[in-house]
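First up is the structure itself, then whatever we jot down about it.
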Amino acid sequence: MFDGKIAFIGAGAIAEALVAGLLKSEFVESEQIVVSNREDLGRLNHLHLNYGVLTTTNKELAITGANIVILAVKPKDLTVTIDDCKNFLHEEQVIVSLAAGVSIQTIRNLIGKDNLNIVRAMPTTSSFVLKSATALSFDHEVAFEKAQLVEQLFKQVGITAKVEEEELHAMTGLFGSGPAYIYYIVEQFERAAMSLGVHRDIAKPFIQQTLVGAVSMLQETNNSPLTLRKKVTSPNGTTQAGISILEDNEVSNSFQRCFLRATERSEEIEIEYKKWMKST
Ligand SMILES: NC(=O)C1=CN([C@@H]2O[C@H](COP(=O)(O)OP(=O)(O)OC[C@H]3O[C@@H](n4cnc5c(N)ncnc54)[C@H](OP(=O)(O)O)[C@@H]3O)[C@@H](O)[C@H]2O)C=CC1
Ligand SMILES: O=C(O)[C@@H]1CCC=N1
């Protein structure tokens, strides 16, 4: 149990997932969380009604007294957001940026103060159900107890790994975006089930059980995914026939290109920011 205050700047998808997860885990109570955004009062109302958290569009109010400030805005909005927040940020706090691709150095430059505790985190929306896989990268200046606090916070909503900052690009492309790739596959199952005449009421639990069953097999047996796949695949059977279509269409390569492109996009955001910082 944490007895301080957490401020979220940004009230979107990832902020809600973290709020929900942190409350579910009982790491904090709702009155210890304040969520702030730019203008969408309907969104703040939704968060207040559903989670009981405090909400405001006033950044000074949100940040004052907060021990942890979580920057949960899109990379493109980070500059303006930090500009609005920087007067209220100080070395007693720990500042956690969730923004893909934006480096600690850039955040430090934008805030323009010394001795700040800046951390980058790349959680997933599965924080909502305490199943995030969160990559964390710490600035060398972060005080030991503040680093521990941030790690403890993200451990409440899933598993964590500390990585070097340059590794965050790949962690973002693979795992920050990861749930979306899985949902994409589920969408394909749903489309096929519908066109093949499987009733929606049956398809939905069967798709979910297929996923859960496969994940449990990976977790509970010591078998590799290849071994497990081979166990499903009878010679000249249905699975082999299906997989042959994926191979003919180079789906394996498409997946590799997808992960690489997502990773590159994170790298591009970093470069775009650095160029922009130099030009101002
Ligand atoms: N979604 C995900 O799965 C993950 C996202 N991230 C990162 O988290 C960040 C947020 O993503 P996500 O939640 O998906 O984005 P959303 O678009 O869902 O939410 C963005 C939020 O930022 C707010 N915002 C924008 N500008 C400002 C501002 N100047 N001051 C205060 N609030 C502002 C918006 O408020 P308003 O509506 O009022 O403009 C909105 O509440 C991104 O940087 C992303 O890279 C990291 C890991 C996973
Ligand atoms: O799509 C994005 O850029 C963010 C980062 C990881 C997940 N969502």
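By convention here, the chains of the structure tokens are called A, B, ... in the order presented, each chain's residues are numbered starting at 1, and ligands are numbered starting at 1 in the order presented.
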Set out as JSON lines a contact list for segment 106-213 of chain A and segment 217-223 of chain A with a cut-off of 10 Å, giving each residue of segment 106-213 of chain A that qualifies its closest atom pair and distance in Å to one decimal, counting only C-alpha atoms, ordered by chain and rising residue number.
{"residue": "A:Leu211", "atom": "CA", "partner": "A:Met217", "partner_atom": "CA", "distance": 9.9}
{"residue": "A:Val212", "atom": "CA", "partner": "A:Met217", "partner_atom": "CA", "distance": 8.6}
{"residue": "A:Gly213", "atom": "CA", "partner": "A:Met217", "partner_atom": "CA", "distance": 6.2}
Selection export as a short mmCIF file (atom, residue, chain, number, x, y, z; two decimals), in the first residue's frame, atoms kept: C-alpha atoms:
data_model
loop_
_atom_site.label_atom_id
_atom_site.label_comp_id
_atom_site.auth_asym_id
_atom_site.auth_seq_id
_atom_site.Cartn_x
_atom_site.Cartn_y
_atom_site.Cartn_z
CA LEU A 211 -6.12 -18.25 -26.58
CA VAL A 212 -6.19 -18.96 -22.85
CA GLY A 213 -5.52 -22.67 -23.47
#
Spatial neighbours of Asp84 of chain A, max dist 10 Å, only C-alpha atoms, sep filter under 2 positions, as a VMD selection string: chain A and resid 58 to 60 78 to 82 86 to 88 111
Please write the residues from the selection above to a file, keeping C-alpha atoms, as a PDB file, in the first residue's frame.
ATOM      1  CA  ASN A  58      -5.893  22.291 -13.768  1.00  0.00           C
ATOM      2  CA  LYS A  59      -2.349  20.925 -13.927  1.00  0.00           C
ATOM      3  CA  GLU A  60      -1.136  22.851 -10.898  1.00  0.00           C
ATOM      4  CA  LEU A  78       4.162  15.985 -24.726  1.00  0.00           C
ATOM      5  CA  THR A  79       5.930  19.263 -25.462  1.00  0.00           C
ATOM      6  CA  VAL A  80       2.903  21.431 -24.724  1.00  0.00           C
ATOM      7  CA  THR A  81       1.969  19.239 -21.766  1.00  0.00           C
ATOM      8  CA  ILE A  82       5.416  19.543 -20.182  1.00  0.00           C
ATOM      9  CA  LYS A  86       7.143  22.215 -15.646  1.00  0.00           C
ATOM     10  CA  ASN A  87       6.642  24.934 -13.031  1.00  0.00           C
ATOM     11  CA  PHE A  88       5.063  22.370 -10.697  1.00  0.00           C
ATOM     12  CA  ILE A 111      11.387  20.446 -18.207  1.00  0.00           C
TER      13      ILE A 111
END
Within-9 Å residues of ligand 1, basis only C-alpha atoms and all ligand atoms, as a count of residues only: 58
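Counting only C-alpha atoms and comparing A:Ala193, A:Tyr183, A:Leu130, A:Val94, the residue that lies closest to Val142 of chain A is A:Val94.
Counting only C-alpha atoms and all ligand atoms, the residue from A:Glu91, A:Glu26, A:Glu268, A:Asp3 that sits nearest to ligand 2 is A:Glu268.
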Can you work out which one of A:Leu110, A:Leu153, A:Gly65, A:Val96 has the shortest atom-to-atom distance to Val19 of chain A, counting only C-alpha atoms? A:Leu153
DSSP says helix (DSSP H, G or I) for which residues of segment 43-250 of chain A? Put them as number ranges by chain? A: 43-51, 59-63, 75-88, 104-111, 125-129, 144-156, 165-176, 178-195, 200-220, 225-232, 238-248
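Look at segment 251-260 of chain A: the protein and nucleic acid residues within 7 Å of it, using only C-alpha atoms and passing over chain neighbours fewer than 3 places away, are A:Gly173, A:Leu174, A:Leu246, A:Glu247, A:Thr263, A:Glu264.
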Surrounding residues of Phe128 of chain A excluding itself and chain neighbours under 5 positions, 7 Å, only C-alpha atoms, as number ranges by chain: A: 17-18, 20-21
Looking at A:Asn45, A:Tyr184, A:Leu226, A:Tyr273, which one is nearest to Thr106 of chain A, with distances taken over only C-alpha atoms? A:Tyr273
I'd like to know which residues of segment 88-229 of chain A are strand (DSSP E or B) (by DSSP, run on the backbone); could you write them as a list in words? Val94, Ile95, Val96, Ser97, Asn117, Ile118, Val119, Arg120, Ala121, Met122, Ser132, Ala133, Thr134, Ala135, Leu136, Ser137, Phe138, Gly158, Ile159, Thr160, Ala161 and Lys162 of chain A
Go through A:Lys131, A:Leu136, A:Ile95, A:Glu167 one by one, measure the shortest atom-to-atom distance of each to Leu116 of chain A using only C-alpha atoms, and give the residue with the smallest value. A:Ile95
One number please: atom CA of Val150 of chain A to atom CA of Gln105 of chain A, in Å, one decimal. 18.8 Å
Using only C-alpha atoms and all ligand atoms for the distances, tell me which of A:Asn109, A:Thr160, A:Ser279, A:Ser132 is nearest to ligand 2. A:Ser132
Can you tell me, as a PyMOL selection string, what residues are no more than 8 Å from Leu54 of chain A when counting only C-alpha atoms, ignoring any on the same chain fewer than 6 positions away? chain A and resi 30-31+33-35+48
Export of prior selection with C-alpha atoms as a short mmCIF file (atom, residue, chain, number, x, y, z; two decimals), in the first residue's frame:
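Contents of result01.cif, freshly written:
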data_model
loop_
_atom_site.label_atom_id
_atom_site.label_comp_id
_atom_site.auth_asym_id
_atom_site.auth_seq_id
_atom_site.Cartn_x
_atom_site.Cartn_y
_atom_site.Cartn_z
CA SER A 30 -9.20 6.35 -5.29
CA GLU A 31 -8.70 9.59 -3.38
CA ILE A 33 -5.22 9.46 -7.55
CA VAL A 34 -5.85 12.62 -9.53
CA VAL A 35 -6.33 12.48 -13.28
CA HIS A 48 -14.56 10.02 -11.59
#
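A straight line drawn from atom CA of His46 of chain A to atom CA of Ala135 of chain A is 28.2 Å long.
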Figure out the distance between atom CA of Lys113 of chain A and atom CA of Glu141 of chain A, please, to one decimal in Å. 12.3 Å
When you look at Ala214 of chain A with a cut-off of 10 Å (counting only C-alpha atoms), what residues show up, excluding the ones that are within fewer than 5 positions of it in the same chain? I need them as a PyMOL selection string. chain A and resi 208-209+219-220+225+228-229
Skip Lys5 of chain A itself and residues of its chain fewer than 5 positions away, then list as a list in words all residues within 6 Å of it, counting only C-alpha atoms. Gln32, Ile33, Ala66 and Asn67 of chain A
Selected residues written out with C-alpha atoms, as a compact mmCIF listing (two decimals), in the first residue's frame:
# COMPACT_ATOMS: atom_id res chain seq x y z
CA GLN A 32 -4.92 9.19 -3.77
CA ILE A 33 -5.22 9.46 -7.55
CA ALA A 66 1.91 14.41 -5.98
CA ASN A 67 4.80 12.04 -5.25
